file start_0.cif (mmCIF, C-alpha atoms)
data_start
loop_
_atom_site.label_atom_id
_atom_site.label_comp_id
_atom_site.auth_asym_id
_atom_site.auth_seq_id
_atom_site.Cartn_x
_atom_site.Cartn_y
_atom_site.Cartn_z
CA MET Y 17 -39.96 9.17 -13.88
CA ILE Y 18 -41.15 10.63 -17.22
CA ARG Y 19 -43.03 13.40 -15.45
CA THR Y 20 -39.93 14.21 -13.41
CA LEU Y 21 -37.65 14.34 -16.45
CA ARG Y 22 -40.15 15.95 -18.84
CA PRO Y 23 -42.92 17.64 -16.83
CA ASN Y 24 -44.62 19.04 -19.96
CA ALA Y 25 -44.50 15.80 -21.96
CA ALA Y 26 -47.74 14.45 -23.36
CA ILE Y 27 -47.79 10.79 -22.38
CA ARG Y 28 -49.32 8.07 -24.53
CA ILE Y 29 -49.41 4.38 -23.82
CA ASP Y 30 -49.54 1.63 -26.45
CA VAL Y 31 -50.47 -1.76 -25.01
CA ASN Y 32 -51.08 -3.71 -28.25
CA GLY Y 33 -54.16 -5.37 -26.74
CA LEU Y 34 -52.28 -7.18 -23.97
CA TRP Y 35 -54.35 -6.12 -20.93
CA ASN Y 36 -57.64 -7.49 -19.75
CA VAL Y 37 -60.26 -4.96 -18.64
CA GLU Y 38 -59.32 -5.12 -14.94
CA GLU Y 39 -55.59 -4.61 -15.62
CA ALA Y 40 -56.31 -1.70 -17.95
CA GLU Y 41 -58.72 -0.05 -15.52
CA MET Y 42 -56.33 -0.39 -12.59
CA PHE Y 43 -53.39 1.07 -14.51
CA LEU Y 44 -55.29 3.87 -16.23
CA ASN Y 45 -56.98 5.00 -13.02
CA SER Y 46 -53.63 5.13 -11.20
CA VAL Y 47 -51.22 6.57 -13.80
CA GLY Y 48 -52.43 10.16 -13.82
CA GLU Y 49 -53.13 12.25 -16.90
CA ILE Y 50 -52.25 10.71 -20.25
CA GLU Y 51 -53.12 11.87 -23.75
CA TYR Y 52 -54.52 8.49 -24.78
CA VAL Y 53 -54.10 4.75 -24.51
CA GLU Y 54 -53.67 2.82 -27.73
CA GLN Y 55 -55.34 -0.60 -27.94
CA PRO Y 56 -55.35 -1.41 -24.20
CA CYS Y 57 -57.44 -4.59 -24.67
CA ALA Y 58 -57.69 -7.02 -27.59
CA THR Y 59 -61.42 -7.26 -28.28
CA ILE Y 60 -64.22 -4.83 -29.08
CA ALA Y 61 -66.23 -6.14 -26.11
CA GLU Y 62 -63.31 -5.48 -23.73
CA LEU Y 63 -62.74 -2.01 -25.16
CA ARG Y 64 -66.44 -1.17 -24.71
CA GLU Y 65 -66.39 -2.36 -21.12
CA LEU Y 66 -63.19 -0.43 -20.38
CA LYS Y 67 -64.66 2.72 -21.98
CA GLN Y 68 -67.46 2.57 -19.39
CA ARG Y 69 -64.92 2.41 -16.54
CA VAL Y 70 -62.29 5.05 -17.42
CA ASP Y 71 -62.16 8.64 -18.67
CA VAL Y 72 -59.01 8.14 -20.78
CA LYS Y 73 -59.30 8.45 -24.56
CA ILE Y 74 -58.98 5.06 -26.26
CA VAL Y 75 -57.36 4.66 -29.68
CA GLY Y 76 -58.10 1.55 -31.76
CA ASP Y 77 -55.26 -0.01 -33.75
CA GLU Y 78 -55.00 -3.81 -33.88
CA VAL Y 79 -58.76 -4.13 -33.57
CA LEU Y 80 -58.95 -2.73 -37.12
CA ARG Y 81 -55.58 -3.62 -38.55
CA LYS Y 82 -55.76 -7.31 -37.68
CA SER Y 83 -59.42 -7.88 -38.48
CA THR Y 84 -60.45 -9.89 -41.52
CA ASN Y 85 -62.48 -6.93 -42.76
CA PRO Y 86 -61.88 -3.64 -40.92
CA PHE Y 87 -65.01 -2.17 -42.52
CA ASP Y 88 -67.16 -4.76 -40.72
CA VAL Y 89 -65.86 -3.90 -37.24
CA ASP Y 90 -68.42 -2.02 -35.12
CA LEU Y 91 -66.41 0.45 -33.06
CA THR Y 92 -69.45 2.10 -31.45
CA GLY Y 93 -68.73 2.82 -27.79
CA ALA Y 94 -65.33 1.11 -27.97
CA VAL Y 95 -62.80 3.72 -29.16
CA ASP Y 96 -62.51 7.48 -29.45
CA TYR Y 97 -59.92 7.61 -32.25
CA LEU Y 98 -58.58 5.40 -35.03
CA MET Y 99 -54.87 4.68 -35.33
CA LEU Y 100 -54.02 4.65 -39.03
CA LYS Y 101 -50.83 2.95 -40.17
CA VAL Y 102 -50.71 3.31 -43.93
CA GLN Y 103 -48.77 0.18 -44.88
CA PRO Y 104 -50.57 -2.46 -42.76
CA LEU Y 105 -53.95 -0.99 -43.71
CA GLY Y 106 -53.26 -1.25 -47.44
CA GLY Y 107 -52.34 2.28 -48.45
CA ILE Y 108 -53.45 5.89 -48.21
CA LYS Y 109 -56.71 5.42 -50.11
CA LYS Y 110 -57.85 2.51 -47.92
CA ALA Y 111 -56.83 4.33 -44.72
CA HIS Y 112 -59.00 7.28 -45.78
CA ALA Y 113 -61.88 4.97 -46.62
CA LEU Y 114 -61.64 3.43 -43.14
CA ALA Y 115 -61.57 6.84 -41.45
CA GLU Y 116 -64.59 7.94 -43.45
CA HIS Y 117 -66.46 4.67 -42.86
CA HIS Y 118 -65.94 4.70 -39.09
CA ASN Y 119 -66.43 8.48 -38.83
CA LEU Y 120 -63.90 8.90 -36.04
CA PRO Y 121 -60.97 11.29 -35.66
CA VAL Y 122 -57.61 9.77 -36.49
CA VAL Y 123 -54.01 9.56 -35.38
CA VAL Y 124 -51.37 8.51 -37.91
CA SER Y 125 -48.42 6.41 -36.85
CA SER Y 126 -45.81 4.15 -38.35
CA ALA Y 127 -45.40 0.42 -38.09
CA LEU Y 128 -41.60 0.81 -37.79
CA GLU Y 129 -40.97 1.28 -41.51
CA SER Y 130 -37.95 2.69 -43.25
CA ALA Y 131 -37.86 6.31 -44.39
CA VAL Y 132 -39.81 5.27 -47.50
CA GLY Y 133 -42.72 4.01 -45.40
CA ILE Y 134 -42.53 6.95 -42.99
CA ASN Y 135 -42.82 9.32 -45.95
CA TYR Y 136 -46.09 7.60 -46.95
CA GLY Y 137 -47.27 8.04 -43.37
CA LEU Y 138 -46.45 11.74 -43.67
CA LEU Y 139 -48.47 11.94 -46.89
CA LEU Y 140 -51.41 10.25 -45.17
CA ALA Y 141 -51.23 12.59 -42.19
CA ALA Y 142 -50.97 15.68 -44.40
CA SER Y 143 -54.02 14.58 -46.38
CA PHE Y 144 -56.35 15.01 -43.40
CA GLU Y 145 -57.83 18.42 -42.83
CA GLU Y 146 -57.75 18.04 -39.05
CA MET Y 147 -55.37 16.14 -36.82
CA ARG Y 148 -55.95 16.43 -33.05
CA PHE Y 149 -52.77 14.67 -31.95
CA ASP Y 150 -49.18 14.71 -33.08
CA CYS Y 151 -48.42 11.75 -35.32
CA GLY Y 152 -46.19 8.87 -34.30
CA LEU Y 153 -43.89 8.98 -37.31
CA GLY Y 154 -40.52 9.57 -35.65
CA THR Y 155 -39.70 5.87 -35.39
CA GLY Y 156 -36.93 5.83 -38.00
CA SER Y 157 -34.47 6.58 -35.20
CA LEU Y 158 -35.25 3.14 -33.76
CA LEU Y 159 -33.71 1.40 -36.77
CA ALA Y 160 -30.02 0.46 -36.73
CA LYS Y 161 -29.78 1.61 -40.38
CA ASN Y 162 -32.22 3.29 -42.70
CA VAL Y 163 -32.48 3.56 -46.47
CA ALA Y 164 -32.74 7.37 -46.37
CA GLU Y 165 -32.80 10.22 -43.91
CA LEU Y 166 -35.92 12.06 -42.82
CA PRO Y 167 -34.57 14.45 -40.20
CA ILE Y 168 -36.79 15.55 -37.33
CA ILE Y 169 -36.45 19.31 -36.85
CA ASP Y 170 -38.34 20.97 -34.00
CA GLY Y 171 -40.60 17.93 -33.78
CA LYS Y 172 -41.48 18.00 -37.47
CA ILE Y 173 -40.59 15.82 -40.44
CA GLU Y 174 -40.79 17.28 -43.92
CA ILE Y 175 -42.43 15.31 -46.72
CA SER Y 176 -39.74 14.70 -49.31
CA ASP Y 177 -38.87 12.74 -52.39
CA VAL Y 178 -37.21 9.81 -50.63
CA LYS Y 179 -34.55 8.10 -52.72
CA PRO Y 180 -33.43 4.88 -51.03
CA VAL Y 181 -29.72 4.21 -50.74
CA LEU Y 182 -29.24 0.49 -50.18
CA ASP Y 183 -25.43 0.46 -49.82
CA GLY Y 184 -24.41 -1.40 -46.68
CA LEU Y 185 -27.85 -2.93 -46.19
CA ASP Y 186 -27.07 -6.32 -47.72
CA VAL Y 187 -28.80 -9.37 -46.26
CA SER Y 188 -28.12 -13.08 -46.44
CA ALA Y 189 -29.41 -14.97 -49.46
CA ASP Y 190 -32.05 -16.82 -47.42
CA ARG Y 191 -33.36 -13.58 -45.89
CA PHE Y 192 -33.45 -12.00 -49.35
CA GLU Y 193 -35.55 -14.95 -50.58
CA TRP Y 194 -37.86 -14.62 -47.56
CA TRP Y 195 -38.51 -10.94 -48.34
CA LYS Y 196 -38.87 -11.57 -52.07
CA ASN Y 197 -41.47 -14.29 -51.39
CA ARG Y 198 -43.32 -12.05 -48.94
CA ILE Y 199 -43.46 -9.25 -51.50
CA MET Y 200 -44.72 -11.66 -54.17
CA ARG Y 201 -47.48 -12.96 -51.84
CA THR Y 202 -48.47 -9.40 -50.98
CA ALA Y 203 -48.56 -8.40 -54.65
CA GLU Y 204 -50.93 -11.32 -55.32
CA LEU Y 205 -53.26 -10.12 -52.56
CA LEU Y 206 -53.39 -6.63 -54.07
CA LYS Y 207 -54.66 -7.86 -57.44
#
call {"tool": "encode", "arguments": {"input": "start_0.cif", "output": "structure tokens"}}
result
Amino acid sequence: MIRTLRPNAAIRIDVNGLWNVEEAEMFLNSVGEIEYVEQPCATIAELRELKQRVDVKIVGDEVLRKSTNPFDVDLTGAVDYLMLKVQPLGGIKKAHALAEHHNLPVVVSSALESAVGINYGLLLAASFEEMRFDCGLGTGSLLAKNVAELPIIDGKIEISDVKPVLDGLDVSADRFEWWKNRIMRTAELLK
């Protein structure tokens, strides 16, 4: 259907590690040309096995982002690219350190943040000398409301000085407490 509606579209698939090797192989060998598949299987061992079976480029995301120590993960023979999401990885500096440590090309994407988070993703993407794929930072349109606007013009988003406007984004008192506690726990981890 996508190829019928948009014959020149570059197709990417993000599986979030939900396939086993056989499911991934069957799908990827039957779908036709795609730009890459992001995290088709959950484990390094599965990704390595899949890499031996298909010619599709594999991008690692959760395998790094959800590991206890992403610097200890051995990606050899498992992925072709790293998916860098600035907020879940701990910031721009840490994302760069991971890219340098693993010595793989990168793709930058969002983790469905507001315009503030997307702007940091733009800064991360712009800080790399070479980017082989378009970034996945146009996800602000998926939010019902956003704290600022980052318009997409001709497929591009301009880095800007985002000033959040919180009017109309009130939440219940219990949800406010939940977020406040989460932020406090996160701040403790960053010390």
call {"tool": "atom_distance", "arguments": {"input": "start_0.cif", "atom1": "atom CA of Thr155 of chain Y", "atom2": "atom CA of Glu39 of chain Y"}}
result
27.4 Å
call {"tool": "residues_around", "arguments": {"input": "start_0.cif", "residues": "segment 170-178 of chain Y", "least_positions_apart": "3", "cutoff": "12 Å", "atoms": "all atoms listed in the file", "output": "PyMOL selection string"}}
result
chain Y and resi 130-143+150-156+162-167+181
call {"tool": "write_last_selection", "arguments": {"input": "start_0.cif", "atoms": "C-alpha atoms", "output": "tab-separated table (two decimals), in the coordinates of the input"}}
result
chain	number	residue	atom	x	y	z
Y	130	SER	CA	-37.95	2.69	-43.25
Y	131	ALA	CA	-37.86	6.31	-44.39
Y	132	VAL	CA	-39.81	5.27	-47.50
Y	133	GLY	CA	-42.72	4.01	-45.40
Y	134	ILE	CA	-42.53	6.95	-42.99
Y	135	ASN	CA	-42.82	9.32	-45.95
Y	136	TYR	CA	-46.09	7.60	-46.95
Y	137	GLY	CA	-47.27	8.04	-43.37
Y	138	LEU	CA	-46.45	11.74	-43.67
Y	139	LEU	CA	-48.47	11.94	-46.89
Y	140	LEU	CA	-51.41	10.25	-45.17
Y	141	ALA	CA	-51.23	12.59	-42.19
Y	142	ALA	CA	-50.97	15.68	-44.40
Y	143	SER	CA	-54.02	14.58	-46.38
Y	150	ASP	CA	-49.18	14.71	-33.08
Y	151	CYS	CA	-48.42	11.75	-35.32
Y	152	GLY	CA	-46.19	8.87	-34.30
Y	153	LEU	CA	-43.89	8.98	-37.31
Y	154	GLY	CA	-40.52	9.57	-35.65
Y	155	THR	CA	-39.70	5.87	-35.39
Y	156	GLY	CA	-36.93	5.83	-38.00
Y	162	ASN	CA	-32.22	3.29	-42.70
Y	163	VAL	CA	-32.48	3.56	-46.47
Y	164	ALA	CA	-32.74	7.37	-46.37
Y	165	GLU	CA	-32.80	10.22	-43.91
Y	166	LEU	CA	-35.92	12.06	-42.82
Y	167	PRO	CA	-34.57	14.45	-40.20
Y	181	VAL	CA	-29.72	4.21	-50.74
call {"tool": "residues_around", "arguments": {"input": "start_0.cif", "residues": "Asn36 of chain Y", "least_positions_apart": "2", "cutoff": "8 Å", "atoms": "all atoms listed in the file", "output": "list in words"}}
result
Leu34, Glu38, Glu39, Ala40, Pro56, Cys57, Ala58 and Glu62 of chain Y
call {"tool": "resolve_selection", "arguments": {"input": "start_0.cif", "expression": "the PyMOL selection byres ((chain Y and resi 41) around 12)", "output": "VMD selection string"}}
result
chain Y and resid 35 to 40 42 to 47 53 56 to 57 62 to 63 65 to 72 74
call {"tool": "resolve_selection", "arguments": {"input": "start_0.cif", "expression": "the PyMOL selection byres ((chain Y and resi 92-108) around 8)", "output": "ChimeraX atom specification"}}
result
/Y:54,60-61,63-65,67,73-77,81,90-91,109-112,115,120-127,133,136-137,139-140
call {"tool": "atom_distance", "arguments": {"input": "start_0.cif", "atom1": "atom CA of Asp30 of chain Y", "atom2": "atom CA of Leu80 of chain Y"}}
result
14.9 Å
call {"tool": "resolve_selection", "arguments": {"input": "start_0.cif", "expression": "the PyMOL selection byres ((chain Y and resi 17-22) around 12)", "output": "ChimeraX atom specification"}}
result
/Y:23-28,47-50
call {"tool": "axis_aligned_box", "arguments": {"input": "start_0.cif", "around": "segment 86-89 of chain Y", "padding_each_side": "4 Å", "output": "AutoDock Vina command-line options"}}
result
--center_x -64.5 --center_y -3.5 --center_z -39.9 --size_x 13.3 --size_y 10.6 --size_z 13.3
call {"tool": "decode", "arguments": {"input": "start_0.cif", "residues": "segment 60-108 of chain Y", "atoms": "N, CA and C atoms", "output": "compact mmCIF listing (two decimals), in the first residue's frame"}}
result
# COMPACT_ATOMS: atom_id res chain seq x y z
N ILE Y 60 21.28 -9.32 21.50
CA ILE Y 60 22.46 -9.25 20.62
C ILE Y 60 22.62 -10.56 19.85
N ALA Y 61 22.45 -11.68 20.53
CA ALA Y 61 22.61 -12.99 19.86
C ALA Y 61 21.62 -13.13 18.71
N GLU Y 62 20.37 -12.72 18.92
CA GLU Y 62 19.37 -12.79 17.85
C GLU Y 62 19.72 -11.85 16.71
N LEU Y 63 20.17 -10.65 17.03
CA LEU Y 63 20.54 -9.69 15.98
C LEU Y 63 21.70 -10.22 15.15
N ARG Y 64 22.69 -10.84 15.81
CA ARG Y 64 23.82 -11.43 15.08
C ARG Y 64 23.36 -12.53 14.14
N GLU Y 65 22.49 -13.39 14.64
CA GLU Y 65 21.98 -14.49 13.81
C GLU Y 65 21.20 -13.95 12.62
N LEU Y 66 20.34 -12.96 12.87
CA LEU Y 66 19.55 -12.36 11.80
C LEU Y 66 20.46 -11.72 10.76
N LYS Y 67 21.49 -11.04 11.21
CA LYS Y 67 22.45 -10.36 10.31
C LYS Y 67 23.06 -11.34 9.32
N GLN Y 68 23.24 -12.59 9.76
CA GLN Y 68 23.80 -13.62 8.87
C GLN Y 68 22.78 -14.07 7.81
N ARG Y 69 21.50 -13.83 8.07
CA ARG Y 69 20.44 -14.37 7.22
C ARG Y 69 19.83 -13.36 6.25
N VAL Y 70 19.99 -12.05 6.50
CA VAL Y 70 19.35 -11.05 5.65
C VAL Y 70 20.36 -10.00 5.19
N ASP Y 71 20.01 -9.30 4.12
CA ASP Y 71 20.87 -8.24 3.59
C ASP Y 71 20.39 -6.84 4.00
N VAL Y 72 19.38 -6.74 4.82
CA VAL Y 72 18.82 -5.47 5.25
C VAL Y 72 19.71 -4.86 6.34
N LYS Y 73 19.91 -3.55 6.28
CA LYS Y 73 20.66 -2.86 7.32
C LYS Y 73 19.88 -2.92 8.64
N ILE Y 74 20.59 -3.21 9.72
CA ILE Y 74 19.98 -3.32 11.04
C ILE Y 74 20.46 -2.17 11.92
N VAL Y 75 19.51 -1.48 12.55
CA VAL Y 75 19.80 -0.37 13.45
C VAL Y 75 19.50 -0.82 14.88
N GLY Y 76 20.45 -0.60 15.78
CA GLY Y 76 20.27 -0.96 17.18
C GLY Y 76 19.75 0.21 17.98
N ASP Y 77 18.69 -0.02 18.75
CA ASP Y 77 18.11 1.01 19.60
C ASP Y 77 18.00 0.48 21.03
N GLU Y 78 16.95 -0.27 21.32
CA GLU Y 78 16.72 -0.76 22.68
C GLU Y 78 17.89 -1.57 23.22
N VAL Y 79 18.61 -2.24 22.34
CA VAL Y 79 19.75 -3.05 22.77
C VAL Y 79 20.80 -2.20 23.50
N LEU Y 80 20.88 -0.93 23.15
CA LEU Y 80 21.75 0.01 23.86
C LEU Y 80 21.00 0.76 24.94
N ARG Y 81 19.89 1.33 24.54
CA ARG Y 81 19.13 2.24 25.40
C ARG Y 81 18.65 1.57 26.68
N LYS Y 82 18.31 0.30 26.62
CA LYS Y 82 17.77 -0.39 27.79
C LYS Y 82 18.79 -1.25 28.52
N SER Y 83 20.04 -1.20 28.08
CA SER Y 83 21.05 -2.00 28.76
C SER Y 83 21.51 -1.28 30.04
N THR Y 84 22.01 -2.06 30.97
CA THR Y 84 22.50 -1.49 32.22
C THR Y 84 23.67 -0.55 31.96
N ASN Y 85 24.55 -0.97 31.06
CA ASN Y 85 25.68 -0.13 30.67
C ASN Y 85 25.88 -0.24 29.16
N PRO Y 86 25.40 0.75 28.40
CA PRO Y 86 25.48 0.66 26.94
C PRO Y 86 26.91 0.65 26.40
N PHE Y 87 27.89 1.00 27.23
CA PHE Y 87 29.28 0.94 26.80
C PHE Y 87 29.82 -0.49 26.86
N ASP Y 88 29.17 -1.35 27.63
CA ASP Y 88 29.61 -2.74 27.75
C ASP Y 88 29.01 -3.66 26.70
N VAL Y 89 28.04 -3.18 25.93
CA VAL Y 89 27.39 -4.01 24.93
C VAL Y 89 28.32 -4.20 23.73
N ASP Y 90 28.53 -5.45 23.34
CA ASP Y 90 29.36 -5.77 22.17
C ASP Y 90 28.45 -5.89 20.96
N LEU Y 91 28.48 -4.91 20.09
CA LEU Y 91 27.60 -4.86 18.92
C LEU Y 91 28.22 -5.49 17.68
N THR Y 92 29.40 -6.04 17.81
CA THR Y 92 30.11 -6.63 16.67
C THR Y 92 29.24 -7.66 15.96
N GLY Y 93 29.04 -7.45 14.66
CA GLY Y 93 28.28 -8.39 13.85
C GLY Y 93 26.79 -8.40 14.12
N ALA Y 94 26.29 -7.45 14.91
CA ALA Y 94 24.87 -7.44 15.27
C ALA Y 94 24.09 -6.32 14.60
N VAL Y 95 24.69 -5.13 14.50
CA VAL Y 95 23.99 -3.98 13.92
C VAL Y 95 24.93 -3.21 12.99
N ASP Y 96 24.31 -2.48 12.07
CA ASP Y 96 25.05 -1.65 11.13
C ASP Y 96 25.11 -0.19 11.55
N TYR Y 97 24.08 0.25 12.31
CA TYR Y 97 23.96 1.64 12.72
C TYR Y 97 23.46 1.68 14.15
N LEU Y 98 23.73 2.79 14.82
CA LEU Y 98 23.20 3.06 16.16
C LEU Y 98 22.06 4.06 16.05
N MET Y 99 20.97 3.79 16.76
CA MET Y 99 19.89 4.76 16.88
C MET Y 99 20.15 5.55 18.15
N LEU Y 100 20.34 6.84 18.00
CA LEU Y 100 20.60 7.70 19.16
C LEU Y 100 19.37 8.54 19.46
N LYS Y 101 18.88 8.41 20.68
CA LYS Y 101 17.76 9.20 21.17
C LYS Y 101 18.30 9.94 22.38
N VAL Y 102 18.47 11.22 22.24
CA VAL Y 102 19.24 12.02 23.19
C VAL Y 102 18.74 11.91 24.63
N GLN Y 103 17.45 12.00 24.86
CA GLN Y 103 16.95 12.01 26.23
C GLN Y 103 17.14 10.65 26.92
N PRO Y 104 16.67 9.54 26.33
CA PRO Y 104 16.84 8.26 27.02
C PRO Y 104 18.30 7.83 27.21
N LEU Y 105 19.17 8.33 26.37
CA LEU Y 105 20.59 7.97 26.49
C LEU Y 105 21.35 8.85 27.48
N GLY Y 106 20.73 9.91 27.96
CA GLY Y 106 21.38 10.73 28.98
C GLY Y 106 22.00 12.02 28.47
N GLY Y 107 21.64 12.46 27.29
CA GLY Y 107 22.11 13.75 26.80
C GLY Y 107 23.01 13.65 25.58
N ILE Y 108 23.32 14.82 25.05
CA ILE Y 108 24.11 14.91 23.82
C ILE Y 108 25.53 14.38 24.03
